[in-house]
Amino acid sequence: MTTELMTKSLRDNRGNTIGWGIALVASVALQLAVYPAVRDAAGEFEKLLESYPESFKALFNIQQSLASGVGYLQGEVFGFLAPLVLLGIAIGQAARATAGEEKAHTLDLLLANPISRTRLLLDKAISVLVSVAIVTVVFAVVLVVGNSVVGLGVPWLDLVLAVKASAVVALPFGALALLIGALTGRPGLAIAVPVGLALLTYLLDALSALSDGLRPWRVLSPFHHAAVNSALSGDPNWLGLAGLVALTAVLVAAAAMAFERREVRG
Amino acid sequence: MNVVSTHQLSKSYNETVALRDLDLEVHAGEVYGLLGPNGAGKTTTLRLLIDVIRPTGGSITLFGEPMSPGLRGRIGYLPGDLVLYDRLTGADYLRFCGALRDHADLGEATRLAKRLDLDLDRRAGELSKGNRQKLGIVQAFGHRPDLVILDEPASGLDPLAQREFHSYLREYVDSGGTVLFSSHVLSEVEQVADRVGILLAGCLVVQDTVASLKANALRELTFTFGEEVAAASFSGVPGVREAMQTSGTEVRCRVTGAVGELVRAAARFPLVNVTSHEPDLEDIFLHYTEEHGDDD
């Protein structure tokens with residue numbers, strides 16, 4: 001069993017992974033660097049924030065005082081930045097896994113090799129997982145170090161668990177991109193659908209805090225089950241995270257089945 | 001033994017029939033040329049064999065078995081629409097294929113690259129179309145497969161490389177390999193194929209050895225006489241399909257099979273000269289094309 005295909009996929013995605021990784025690290029570092037100033041001027045910010053509509057705060061995950069470490073991280077890091085980057089990596093790379101090769105017309109020759117289509121798809125899926133994992137680890141390290149440098153006062157284990165929850169929520173969307181790519185051979189569609197769905201379910205989860213009408217529906221949102229905020233407060237939703245991992249596995253299995261049946265476009 | 005065997009292989013896309021009831025047989029140790037105009041179903045046939053698309057009817061066996069991932073290790077493939085990974089050099093690409101095929105020895109590939117005058121240290125993205133095609137050919141043969149399936153292999157090759165490639169094909173077959181290739185270039189098929197299948201509009205209209213096709217083909221004899229002779233004098237002669245008056249003293253006949261009867265008939269007149277045009281695959285091909293066109 002060779003790992004050549006996996007390592008080639010990792011190499012092919014290297015630029016993408018590094019790009020997203022740098023964007024995340026740089027933004028997080030910047031956010032952490034300005035934290036002391038925000039904390040010192042907390043009074044002013046609180047007044048400013050009070051004037052913001054509730055929906056705006058919900059959207060950007062501003063739930064607690066920005067002066068507290070947890071509140072600051074929720075609003076500035078986990079609210080928008082982390083999901084954007086991790087979803088970006090998972091969806092972008094998974095969408096190109098088989099559909100990118102098909103669109104580029106390199107799939108015929110790749111499939112002529114003595115490996116099963118399922119194996120090919122799984123190798124590509126694992127390489128996406130590795131990319132996500134690498135960025136997740138770097139992200140966690142930067143947060144833990146930054147946390148102690150600027151004195152956010154968040155327990156490091158909570159930080160790690162919140163980062164992990166952020167990464168896990170990206171997985172089913174990546175798996176969906178893989179499935180759509182395997183079904184259609186169209187990387188554009190395989191990006192568009194999961195991105196749209198991520199946006200929709202993110203909004204659903206965020207706004208359900210404000211609307212009683214939306215609240216019952218939030219179970220449909222992977223973001224609700226990932227519960228990054230709870231993880232950051234030391235109370236991760238283990239069952240929810242396990243559910244997301246299981247959903248990912250189901251979607252990847254469906255992608256493998258779809259890819260086995262796929263008629264490769266000439 | 002048949003290395004490739006299809007039984008009533010069919011492929012339709014929605015309403016369009018791309019391939020109809022194809023019974024293709026490629027014997028071990030031969031070069032089989034699949035000939036046909038563009039859109040006749042050559043690429044569809046080869047892609048069905050390699051299992052990147054699936055038949056809507058019929059069956060395929062390779063080495064007597066249905067296609068499986070393991071079997072693909074015994075097969076080399078060159079797609080008609082060859083796209084390589086631009087960033088990989090030829091050597092990188094061959095190593096990548098070698099790892100997937102569990103064939104780390106690049107000796108054969110390196111030798112063939114040298115023969116075709118291909119620089120393996122350059123990235124595929126920097127290669128000319130002809131050189132990319134060479135790399136495509138090299139990867140198809142590099143793992144010493146038992147069967148090689150090539151879609152329009154000579155396309156883009158310069159004449160020198162074509163000649164080298166054709167002689168390599170012959171050596172490969174002589175050492176026990178089997179080749180199935182497609183082409184729309186008649187001279188190429190005639191030059192290298194042992195047997196040929198003519199594919200027209202998704203149907204295999206004939207499958208035979210090149211020699212036998214030629215023997216049964218229409219050949220053309222032109223008689224020049226010392227006096228005026230009517231073309232009608234020959235229209236009843238066995239084997240003659242057509243007799244045309246090209247001038248008062250010249251008659252052109254198209255004949256199948258042996259020409260003895262016709263020559264004897266012509267000898268009854270004061271015969272000055274006979275010229276015979278050896279049929280090539282083009283005549284045969286055109287003959288089938290016309291015939292097939294009449295069916296529609």
# chains A, B, ... in the order shown; residues from 1 in each chain; ligands from 1

call {"tool": "interface_residues", "arguments": {"of": "chain B", "to": "chain A", "cutoff": "7 Å", "atoms": "only C-alpha atoms", "output": "MDAnalysis selection string"}}
result
chainID B and resid 50 52:54 69:73 77 79 83:84 96 99:101

call {"tool": "residues_around", "arguments": {"residues": "segment 42-57 of chain A", "least_positions_apart": "4", "cutoff": "12 Å", "atoms": "only C-alpha atoms", "output": "PDB file with N, CA and C atoms, in the first residue's frame"}}
result
ATOM      1  N   TYR A  35      -5.417  42.991  22.023  1.00  0.00           N
ATOM      2  CA  TYR A  35      -6.293  42.695  23.163  1.00  0.00           C
ATOM      3  C   TYR A  35      -6.026  43.591  24.375  1.00  0.00           C
ATOM      4  N   PRO A  36      -4.751  43.777  24.770  1.00  0.00           N
ATOM      5  CA  PRO A  36      -4.512  44.614  25.957  1.00  0.00           C
ATOM      6  C   PRO A  36      -5.136  46.003  25.822  1.00  0.00           C
ATOM      7  N   ALA A  37      -5.041  46.565  24.611  1.00  0.00           N
ATOM      8  CA  ALA A  37      -5.610  47.898  24.391  1.00  0.00           C
ATOM      9  C   ALA A  37      -7.130  47.860  24.522  1.00  0.00           C
ATOM     10  N   VAL A  38      -7.748  46.804  23.977  1.00  0.00           N
ATOM     11  CA  VAL A  38      -9.198  46.670  24.053  1.00  0.00           C
ATOM     12  C   VAL A  38      -9.621  46.535  25.518  1.00  0.00           C
ATOM     13  N   ASN A  61     -20.870  36.720  17.068  1.00  0.00           N
ATOM     14  CA  ASN A  61     -20.580  35.924  18.251  1.00  0.00           C
ATOM     15  C   ASN A  61     -20.079  36.775  19.414  1.00  0.00           C
ATOM     16  N   ILE A  62     -20.627  37.979  19.508  1.00  0.00           N
ATOM     17  CA  ILE A  62     -20.231  38.841  20.639  1.00  0.00           C
ATOM     18  C   ILE A  62     -21.259  38.595  21.736  1.00  0.00           C
ATOM     19  N   GLN A  63     -20.904  37.731  22.668  1.00  0.00           N
ATOM     20  CA  GLN A  63     -21.881  37.298  23.651  1.00  0.00           C
ATOM     21  C   GLN A  63     -21.527  37.790  25.045  1.00  0.00           C
ATOM     22  N   GLN A  64     -20.256  37.920  25.278  1.00  0.00           N
ATOM     23  CA  GLN A  64     -19.841  38.380  26.598  1.00  0.00           C
ATOM     24  C   GLN A  64     -19.070  39.683  26.438  1.00  0.00           C
ATOM     25  N   SER A  65     -18.667  40.216  27.545  1.00  0.00           N
ATOM     26  CA  SER A  65     -17.851  41.418  27.498  1.00  0.00           C
ATOM     27  C   SER A  65     -16.562  41.118  26.740  1.00  0.00           C
ATOM     28  N   LEU A  66     -16.168  42.047  25.874  1.00  0.00           N
ATOM     29  CA  LEU A  66     -14.910  41.864  25.135  1.00  0.00           C
ATOM     30  C   LEU A  66     -13.706  41.987  26.054  1.00  0.00           C
ATOM     31  N   ALA A  67     -13.967  42.499  27.253  1.00  0.00           N
ATOM     32  CA  ALA A  67     -12.845  42.669  28.185  1.00  0.00           C
ATOM     33  C   ALA A  67     -12.390  41.337  28.747  1.00  0.00           C
ATOM     34  N   SER A  68     -13.307  40.361  28.820  1.00  0.00           N
ATOM     35  CA  SER A  68     -12.893  39.048  29.311  1.00  0.00           C
ATOM     36  C   SER A  68     -12.225  38.285  28.189  1.00  0.00           C
ATOM     37  N   GLY A  69     -11.272  37.464  28.549  1.00  0.00           N
ATOM     38  CA  GLY A  69     -10.536  36.702  27.534  1.00  0.00           C
ATOM     39  C   GLY A  69     -11.452  35.843  26.707  1.00  0.00           C
ATOM     40  N   GLY A  71     -14.695  36.133  26.221  1.00  0.00           N
ATOM     41  CA  GLY A  71     -15.578  36.962  25.391  1.00  0.00           C
ATOM     42  C   GLY A  71     -14.835  37.514  24.181  1.00  0.00           C
ATOM     43  N   TYR A  72     -13.619  37.942  24.408  1.00  0.00           N
ATOM     44  CA  TYR A  72     -12.826  38.516  23.320  1.00  0.00           C
ATOM     45  C   TYR A  72     -12.556  37.465  22.239  1.00  0.00           C
ATOM     46  N   GLN A  74     -14.205  34.702  21.688  1.00  0.00           N
ATOM     47  CA  GLN A  74     -15.450  34.316  21.014  1.00  0.00           C
ATOM     48  C   GLN A  74     -15.763  35.298  19.890  1.00  0.00           C
ATOM     49  N   GLY A  75     -15.662  36.564  20.227  1.00  0.00           N
ATOM     50  CA  GLY A  75     -16.043  37.581  19.254  1.00  0.00           C
ATOM     51  C   GLY A  75     -15.035  37.728  18.132  1.00  0.00           C
ATOM     52  N   GLU A  76     -13.774  37.750  18.494  1.00  0.00           N
ATOM     53  CA  GLU A  76     -12.764  38.147  17.510  1.00  0.00           C
ATOM     54  C   GLU A  76     -12.105  36.978  16.779  1.00  0.00           C
ATOM     55  N   GLY A  79     -15.586  33.488  16.407  1.00  0.00           N
ATOM     56  CA  GLY A  79     -16.866  33.867  15.818  1.00  0.00           C
ATOM     57  C   GLY A  79     -16.843  33.777  14.305  1.00  0.00           C
ATOM     58  N   PHE A  80     -15.757  34.217  13.716  1.00  0.00           N
ATOM     59  CA  PHE A  80     -15.794  34.377  12.274  1.00  0.00           C
ATOM     60  C   PHE A  80     -14.533  33.836  11.600  1.00  0.00           C
ATOM     61  N   LEU A 203     -25.766  31.139  10.208  1.00  0.00           N
ATOM     62  CA  LEU A 203     -26.754  32.170  10.533  1.00  0.00           C
ATOM     63  C   LEU A 203     -27.867  31.585  11.401  1.00  0.00           C
ATOM     64  N   LEU A 204     -28.286  30.388  11.054  1.00  0.00           N
ATOM     65  CA  LEU A 204     -29.354  29.724  11.802  1.00  0.00           C
ATOM     66  C   LEU A 204     -28.962  29.589  13.265  1.00  0.00           C
ATOM     67  N   ASP A 205     -27.737  29.129  13.481  1.00  0.00           N
ATOM     68  CA  ASP A 205     -27.271  28.923  14.846  1.00  0.00           C
ATOM     69  C   ASP A 205     -27.130  30.262  15.576  1.00  0.00           C
ATOM     70  N   ALA A 206     -26.553  31.257  14.879  1.00  0.00           N
ATOM     71  CA  ALA A 206     -26.300  32.546  15.511  1.00  0.00           C
ATOM     72  C   ALA A 206     -27.612  33.262  15.844  1.00  0.00           C
ATOM     73  N   LEU A 207     -28.529  33.257  14.881  1.00  0.00           N
ATOM     74  CA  LEU A 207     -29.767  34.034  15.063  1.00  0.00           C
ATOM     75  C   LEU A 207     -30.791  33.310  15.922  1.00  0.00           C
ATOM     76  N   SER A 208     -30.620  32.017  16.085  1.00  0.00           N
ATOM     77  CA  SER A 208     -31.581  31.283  16.906  1.00  0.00           C
ATOM     78  C   SER A 208     -31.503  31.726  18.366  1.00  0.00           C
ATOM     79  N   ALA A 209     -30.372  32.363  18.715  1.00  0.00           N
ATOM     80  CA  ALA A 209     -30.258  32.899  20.075  1.00  0.00           C
ATOM     81  C   ALA A 209     -31.235  34.047  20.279  1.00  0.00           C
ATOM     82  N   LEU A 210     -31.632  34.698  19.202  1.00  0.00           N
ATOM     83  CA  LEU A 210     -32.500  35.871  19.292  1.00  0.00           C
ATOM     84  C   LEU A 210     -33.955  35.555  18.992  1.00  0.00           C
ATOM     85  N   SER A 211     -34.177  34.498  18.230  1.00  0.00           N
ATOM     86  CA  SER A 211     -35.533  34.261  17.745  1.00  0.00           C
ATOM     87  C   SER A 211     -36.072  32.936  18.280  1.00  0.00           C
TER      88      SER A 211
END

call {"tool": "select_by_dssp", "arguments": {"residues": "segment 139-231 of chain A", "states": "alpha helix (DSSP H)", "output": "ChimeraX atom specification"}}
result
/A:139-150,156-184,187-207,222-226,228-231

call {"tool": "atom_distance", "arguments": {"atom1": "atom CA of Leu87 of chain A", "atom2": "atom CA of Ala170 of chain A"}}
result
4.8 Å

call {"tool": "atom_distance", "arguments": {"atom1": "atom CA of Leu46 of chain B", "atom2": "atom CA of Asp158 of chain B"}}
result
24.0 Å

call {"tool": "atom_distance", "arguments": {"atom1": "atom CA of Arg241 of chain B", "atom2": "atom CA of Leu218 of chain B"}}
result
8.3 Å

call {"tool": "residues_around", "arguments": {"residues": "Pro238 of chain B", "least_positions_apart": "6", "cutoff": "12 Å", "atoms": "only C-alpha atoms", "output": "list in words"}}
result
Cys253, Arg254, Val255, Thr256, Gly257, Ala258, Val259, Gly260, Glu261, Leu262, Val263, Arg264 and Ala265 of chain B

call {"tool": "residues_around", "arguments": {"residues": "segment 224-240 of chain A", "least_positions_apart": "4", "cutoff": "9 Å", "atoms": "only C-alpha atoms", "output": "NGL selection string"}}
result
:A and (61 or 70 or 73-74 or 78-79 or 154-155 or 157-166 or 168-169 or 201-202 or 204-206 or 218-220 or 244-245)

call {"tool": "write_last_selection", "arguments": {"atoms": "N, CA and C atoms", "output": "tab-separated table (two decimals), in the first residue's frame"}}
result
chain	number	residue	atom	x	y	z
A	61	ASN	N	-20.87	36.72	17.07
A	61	ASN	CA	-20.58	35.92	18.25
A	61	ASN	C	-20.08	36.77	19.41
A	70	VAL	N	-12.37	35.14	27.37
A	70	VAL	CA	-13.27	34.24	26.65
A	70	VAL	C	-14.16	35.04	25.70
A	73	LEU	N	-12.14	36.30	22.68
A	73	LEU	CA	-11.83	35.24	21.71
A	73	LEU	C	-13.08	34.80	20.95
A	74	GLN	N	-14.21	34.70	21.69
A	74	GLN	CA	-15.45	34.32	21.01
A	74	GLN	C	-15.76	35.30	19.89
A	78	PHE	N	-13.07	33.07	17.32
A	78	PHE	CA	-13.88	31.88	17.02
A	78	PHE	C	-15.19	32.22	16.31
A	79	GLY	N	-15.59	33.49	16.41
A	79	GLY	CA	-16.87	33.87	15.82
A	79	GLY	C	-16.84	33.78	14.31
A	154	VAL	N	-7.41	32.46	29.73
A	154	VAL	CA	-8.27	31.32	29.41
A	154	VAL	C	-7.46	30.04	29.63
A	155	PRO	N	-8.03	29.04	30.35
A	155	PRO	CA	-7.28	27.78	30.53
A	155	PRO	C	-6.87	27.19	29.17
A	157	LEU	N	-6.40	24.25	28.13
A	157	LEU	CA	-7.17	23.09	27.66
A	157	LEU	C	-8.46	23.54	26.98
A	158	ASP	N	-9.08	24.57	27.53
A	158	ASP	CA	-10.31	25.10	26.92
A	158	ASP	C	-10.02	25.65	25.52
A	159	LEU	N	-8.87	26.31	25.41
A	159	LEU	CA	-8.49	26.84	24.10
A	159	LEU	C	-8.33	25.70	23.09
A	160	VAL	N	-7.64	24.67	23.52
A	160	VAL	CA	-7.40	23.54	22.62
A	160	VAL	C	-8.73	22.89	22.22
A	161	LEU	N	-9.61	22.74	23.20
A	161	LEU	CA	-10.90	22.10	22.89
A	161	LEU	C	-11.75	22.98	21.95
A	162	ALA	N	-11.67	24.28	22.12
A	162	ALA	CA	-12.43	25.19	21.26
A	162	ALA	C	-11.88	25.14	19.83
A	163	VAL	N	-10.56	25.08	19.72
A	163	VAL	CA	-9.94	24.98	18.39
A	163	VAL	C	-10.37	23.66	17.73
A	164	LYS	N	-10.36	22.61	18.55
A	164	LYS	CA	-10.74	21.31	18.02
A	164	LYS	C	-12.19	21.32	17.55
A	165	ALA	N	-13.06	21.93	18.34
A	165	ALA	CA	-14.47	22.01	17.95
A	165	ALA	C	-14.63	22.80	16.64
A	166	SER	N	-13.82	23.87	16.49
A	166	SER	CA	-13.87	24.67	15.26
A	166	SER	C	-13.46	23.84	14.05
A	168	VAL	N	-13.64	20.47	13.89
A	168	VAL	CA	-14.59	19.38	13.68
A	168	VAL	C	-15.83	19.87	12.91
A	169	VAL	N	-16.25	21.09	13.16
A	169	VAL	CA	-17.43	21.60	12.47
A	169	VAL	C	-17.17	21.75	10.97
A	201	THR	N	-26.40	27.63	7.83
A	201	THR	CA	-26.49	26.99	9.15
A	201	THR	C	-25.76	27.81	10.20
A	202	TYR	N	-24.75	28.57	9.76
A	202	TYR	CA	-24.09	29.47	10.71
A	202	TYR	C	-25.07	30.55	11.18
A	204	LEU	N	-28.29	30.39	11.05
A	204	LEU	CA	-29.35	29.72	11.80
A	204	LEU	C	-28.96	29.59	13.26
A	205	ASP	N	-27.74	29.13	13.48
A	205	ASP	CA	-27.27	28.92	14.85
A	205	ASP	C	-27.13	30.26	15.58
A	206	ALA	N	-26.55	31.26	14.88
A	206	ALA	CA	-26.30	32.55	15.51
A	206	ALA	C	-27.61	33.26	15.84
A	218	ARG	N	-32.38	25.00	15.20
A	218	ARG	CA	-30.92	25.08	15.29
A	218	ARG	C	-30.27	23.68	15.39
A	219	VAL	N	-31.08	22.67	15.71
A	219	VAL	CA	-30.50	21.31	15.73
A	219	VAL	C	-30.00	20.91	14.34
A	220	LEU	N	-30.49	21.63	13.33
A	220	LEU	CA	-30.03	21.33	11.97
A	220	LEU	C	-28.65	21.91	11.69
A	244	LEU	N	-20.92	14.98	14.71
A	244	LEU	CA	-20.37	15.61	13.49
A	244	LEU	C	-19.34	14.71	12.82
A	245	VAL	N	-18.54	14.06	13.65
A	245	VAL	CA	-17.54	13.13	13.09
A	245	VAL	C	-18.25	11.96	12.40

call {"tool": "residues_around", "arguments": {"residues": "Leu127 of chain B", "least_positions_apart": "2", "cutoff": "12 Å", "atoms": "only C-alpha atoms", "output": "list in words"}}
result
Val83, Leu84, Tyr85, Asp86, Arg87, Leu88, Thr89, Gly90, Leu118, Asp119, Leu120, Asp121, Arg122, Arg123, Ala124, Gly125, Lys129, Gly130, Asn131, Arg132, Gln133, Lys134, Leu135 and Gly136 of chain B

call {"tool": "write_last_selection", "arguments": {"atoms": "N, CA and C atoms", "output": "PDB file, in the first residue's frame"}}
result
ATOM      1  N   VAL B  83      -3.596  14.794 -20.438  1.00  0.00           N
ATOM      2  CA  VAL B  83      -3.201  15.930 -19.606  1.00  0.00           C
ATOM      3  C   VAL B  83      -2.348  15.388 -18.470  1.00  0.00           C
ATOM      4  N   LEU B  84      -1.146  15.948 -18.320  1.00  0.00           N
ATOM      5  CA  LEU B  84      -0.238  15.506 -17.266  1.00  0.00           C
ATOM      6  C   LEU B  84      -0.211  16.571 -16.179  1.00  0.00           C
ATOM      7  N   TYR B  85       0.389  16.234 -15.060  1.00  0.00           N
ATOM      8  CA  TYR B  85       0.513  17.233 -13.996  1.00  0.00           C
ATOM      9  C   TYR B  85       1.638  18.183 -14.354  1.00  0.00           C
ATOM     10  N   ASP B  86       1.266  19.433 -14.644  1.00  0.00           N
ATOM     11  CA  ASP B  86       2.226  20.405 -15.162  1.00  0.00           C
ATOM     12  C   ASP B  86       3.459  20.576 -14.284  1.00  0.00           C
ATOM     13  N   ARG B  87       3.264  20.462 -12.972  1.00  0.00           N
ATOM     14  CA  ARG B  87       4.366  20.793 -12.076  1.00  0.00           C
ATOM     15  C   ARG B  87       5.378  19.653 -11.922  1.00  0.00           C
ATOM     16  N   LEU B  88       4.965  18.454 -12.316  1.00  0.00           N
ATOM     17  CA  LEU B  88       5.881  17.321 -12.164  1.00  0.00           C
ATOM     18  C   LEU B  88       6.791  17.206 -13.382  1.00  0.00           C
ATOM     19  N   THR B  89       8.055  16.872 -13.127  1.00  0.00           N
ATOM     20  CA  THR B  89       8.939  16.562 -14.244  1.00  0.00           C
ATOM     21  C   THR B  89       8.587  15.162 -14.743  1.00  0.00           C
ATOM     22  N   GLY B  90       9.106  14.830 -15.910  1.00  0.00           N
ATOM     23  CA  GLY B  90       8.867  13.491 -16.443  1.00  0.00           C
ATOM     24  C   GLY B  90       9.283  12.415 -15.451  1.00  0.00           C
ATOM     25  N   LEU B 118      13.330  12.106 -25.300  1.00  0.00           N
ATOM     26  CA  LEU B 118      12.529  12.898 -24.362  1.00  0.00           C
ATOM     27  C   LEU B 118      13.358  13.204 -23.123  1.00  0.00           C
ATOM     28  N   ASP B 119      13.409  14.476 -22.759  1.00  0.00           N
ATOM     29  CA  ASP B 119      14.139  14.908 -21.563  1.00  0.00           C
ATOM     30  C   ASP B 119      13.223  14.750 -20.343  1.00  0.00           C
ATOM     31  N   LEU B 120      13.582  13.836 -19.452  1.00  0.00           N
ATOM     32  CA  LEU B 120      12.721  13.538 -18.299  1.00  0.00           C
ATOM     33  C   LEU B 120      12.912  14.525 -17.156  1.00  0.00           C
ATOM     34  N   ASP B 121      13.867  15.445 -17.293  1.00  0.00           N
ATOM     35  CA  ASP B 121      14.118  16.376 -16.195  1.00  0.00           C
ATOM     36  C   ASP B 121      13.309  17.661 -16.312  1.00  0.00           C
ATOM     37  N   ARG B 122      12.551  17.771 -17.383  1.00  0.00           N
ATOM     38  CA  ARG B 122      11.756  18.995 -17.544  1.00  0.00           C
ATOM     39  C   ARG B 122      10.337  18.769 -17.042  1.00  0.00           C
ATOM     40  N   ARG B 123       9.756  19.851 -16.531  1.00  0.00           N
ATOM     41  CA  ARG B 123       8.382  19.752 -16.042  1.00  0.00           C
ATOM     42  C   ARG B 123       7.428  19.572 -17.209  1.00  0.00           C
ATOM     43  N   ALA B 124       6.372  18.815 -16.976  1.00  0.00           N
ATOM     44  CA  ALA B 124       5.414  18.534 -18.044  1.00  0.00           C
ATOM     45  C   ALA B 124       4.836  19.828 -18.615  1.00  0.00           C
ATOM     46  N   GLY B 125       4.685  20.826 -17.738  1.00  0.00           N
ATOM     47  CA  GLY B 125       4.114  22.100 -18.183  1.00  0.00           C
ATOM     48  C   GLY B 125       5.000  22.835 -19.176  1.00  0.00           C
ATOM     49  N   LYS B 129       3.764  19.900 -27.115  1.00  0.00           N
ATOM     50  CA  LYS B 129       2.713  18.891 -27.220  1.00  0.00           C
ATOM     51  C   LYS B 129       3.282  17.528 -27.606  1.00  0.00           C
ATOM     52  N   GLY B 130       4.230  17.553 -28.550  1.00  0.00           N
ATOM     53  CA  GLY B 130       4.852  16.304 -28.984  1.00  0.00           C
ATOM     54  C   GLY B 130       5.599  15.609 -27.851  1.00  0.00           C
ATOM     55  N   ASN B 131       6.307  16.410 -27.054  1.00  0.00           N
ATOM     56  CA  ASN B 131       7.064  15.814 -25.954  1.00  0.00           C
ATOM     57  C   ASN B 131       6.162  15.327 -24.837  1.00  0.00           C
ATOM     58  N   ARG B 132       5.046  16.017 -24.625  1.00  0.00           N
ATOM     59  CA  ARG B 132       4.077  15.524 -23.636  1.00  0.00           C
ATOM     60  C   ARG B 132       3.529  14.178 -24.091  1.00  0.00           C
ATOM     61  N   GLN B 133       3.265  14.077 -25.400  1.00  0.00           N
ATOM     62  CA  GLN B 133       2.755  12.822 -25.944  1.00  0.00           C
ATOM     63  C   GLN B 133       3.782  11.698 -25.731  1.00  0.00           C
ATOM     64  N   LYS B 134       5.049  12.052 -25.905  1.00  0.00           N
ATOM     65  CA  LYS B 134       6.104  11.052 -25.676  1.00  0.00           C
ATOM     66  C   LYS B 134       6.077  10.579 -24.226  1.00  0.00           C
ATOM     67  N   LEU B 135       5.911  11.528 -23.306  1.00  0.00           N
ATOM     68  CA  LEU B 135       5.858  11.162 -21.890  1.00  0.00           C
ATOM     69  C   LEU B 135       4.636  10.277 -21.621  1.00  0.00           C
ATOM     70  N   GLY B 136       3.545  10.600 -22.296  1.00  0.00           N
ATOM     71  CA  GLY B 136       2.336   9.770 -22.172  1.00  0.00           C
ATOM     72  C   GLY B 136       2.600   8.344 -22.643  1.00  0.00           C
TER      73      GLY B 136
END

call {"tool": "residues_around", "arguments": {"residues": "Ile89 of chain A", "least_positions_apart": "6", "cutoff": "8 Å", "atoms": "only C-alpha atoms", "output": "VMD selection string"}}
result
chain A and resid 16 to 17 20 128 131 to 132

call {"tool": "write_last_selection", "arguments": {"atoms": "N, CA and C atoms", "output": "compact mmCIF listing (two decimals), in the first residue's frame"}}
result
# COMPACT_ATOMS: atom_id res chain seq x y z
N ASN A 16 -2.23 26.09 -0.84
CA ASN A 16 -3.54 26.43 -0.30
C ASN A 16 -3.52 26.38 1.22
N THR A 17 -2.96 25.30 1.75
CA THR A 17 -2.91 25.12 3.21
C THR A 17 -2.07 26.22 3.86
N TRP A 20 -3.93 29.73 3.70
CA TRP A 20 -4.97 29.85 4.73
C TRP A 20 -4.35 29.90 6.11
N VAL A 128 -6.87 15.86 2.87
CA VAL A 128 -7.58 17.07 3.29
C VAL A 128 -7.61 17.14 4.82
N SER A 131 -4.35 18.30 6.13
CA SER A 131 -4.19 19.75 5.96
C SER A 131 -4.94 20.50 7.06
N VAL A 132 -6.19 20.08 7.31
CA VAL A 132 -7.00 20.72 8.36
C VAL A 132 -6.31 20.54 9.71

call {"tool": "residues_around", "arguments": {"residues": "Leu180 of chain B", "least_positions_apart": "6", "cutoff": "12 Å", "atoms": "only C-alpha atoms", "output": "MDAnalysis selection string"}}
result
chainID B and resid 2:5 24:35 42:43 45:46 49:50 62 75:78 146:153 169 173 189 192:197

call {"tool": "write_last_selection", "arguments": {"atoms": "C-alpha atoms", "output": "tab-separated table (two decimals), in the first residue's frame"}}
result
chain	number	residue	atom	x	y	z
B	2	ASN	CA	-8.17	-13.12	-26.40
B	3	VAL	CA	-6.55	-10.47	-24.31
B	4	VAL	CA	-9.45	-8.11	-24.94
B	5	SER	CA	-12.90	-9.44	-25.60
B	24	LEU	CA	-14.12	-6.73	-30.32
B	25	GLU	CA	-11.43	-9.36	-30.03
B	26	VAL	CA	-7.78	-8.59	-29.54
B	27	HIS	CA	-5.52	-11.63	-29.58
B	28	ALA	CA	-2.43	-12.06	-27.45
B	29	GLY	CA	0.71	-10.83	-29.13
B	30	GLU	CA	-0.83	-8.70	-31.84
B	31	VAL	CA	-1.11	-5.06	-32.68
B	32	TYR	CA	-4.77	-4.26	-33.18
B	33	GLY	CA	-5.65	-1.00	-34.86
B	34	LEU	CA	-9.06	0.49	-34.24
B	35	LEU	CA	-9.72	2.69	-37.20
B	42	LYS	CA	-13.00	4.82	-30.77
B	43	THR	CA	-12.34	6.81	-27.61
B	45	THR	CA	-14.52	2.02	-26.69
B	46	LEU	CA	-11.10	2.50	-25.12
B	49	LEU	CA	-12.18	-0.92	-21.61
B	50	ILE	CA	-10.16	1.06	-19.08
B	62	LEU	CA	-9.59	-8.53	-20.20
B	75	ILE	CA	-2.37	-2.64	-18.48
B	76	GLY	CA	-0.79	0.52	-19.81
B	77	TYR	CA	-3.02	3.33	-21.03
B	78	LEU	CA	-2.56	6.47	-23.04
B	146	ASP	CA	0.98	-7.15	-20.76
B	147	LEU	CA	-1.54	-5.04	-22.64
B	148	VAL	CA	-1.25	-1.45	-23.78
B	149	ILE	CA	-4.29	0.57	-24.80
B	150	LEU	CA	-3.39	3.70	-26.74
B	151	ASP	CA	-5.79	6.36	-27.95
B	152	GLU	CA	-4.33	8.09	-31.02
B	153	PRO	CA	-0.74	7.48	-29.85
B	169	LEU	CA	5.65	-1.23	-30.71
B	173	VAL	CA	4.70	-7.20	-29.29
B	189	VAL	CA	-2.77	1.54	-39.00
B	192	VAL	CA	1.82	-1.14	-37.70
B	193	ALA	CA	-1.37	-3.13	-37.18
B	194	ASP	CA	-1.62	-6.89	-37.60
B	195	ARG	CA	-5.36	-6.74	-37.45
B	196	VAL	CA	-7.71	-3.87	-37.88
B	197	GLY	CA	-11.26	-3.09	-36.86

call {"tool": "closest_residue", "arguments": {"among": "A:Gly153, A:Gly146, A:Gly174, A:Pro216", "to": "Ala125 of chain A", "atoms": "only C-alpha atoms"}}
result
A:Gly174

call {"tool": "select_by_dssp", "arguments": {"residues": "segment 24-185 of chain B", "states": "strand (DSSP E)", "output": "PyMOL selection string"}}
result
chain B and resi 25-27+31-35+57-62+75-78+147-151+178-183

call {"tool": "decode", "arguments": {"residues": "segment 33-39 of chain A", "atoms": "C-alpha atoms", "output": "tab-separated table (two decimals), in the first residue's frame"}}
result
chain	number	residue	atom	x	y	z
A	33	ALA	CA	-1.80	41.89	20.03
A	34	VAL	CA	-4.55	44.48	20.30
A	35	TYR	CA	-6.29	42.70	23.16
A	36	PRO	CA	-4.51	44.61	25.96
A	37	ALA	CA	-5.61	47.90	24.39
A	38	VAL	CA	-9.20	46.67	24.05
A	39	ARG	CA	-9.23	45.47	27.65
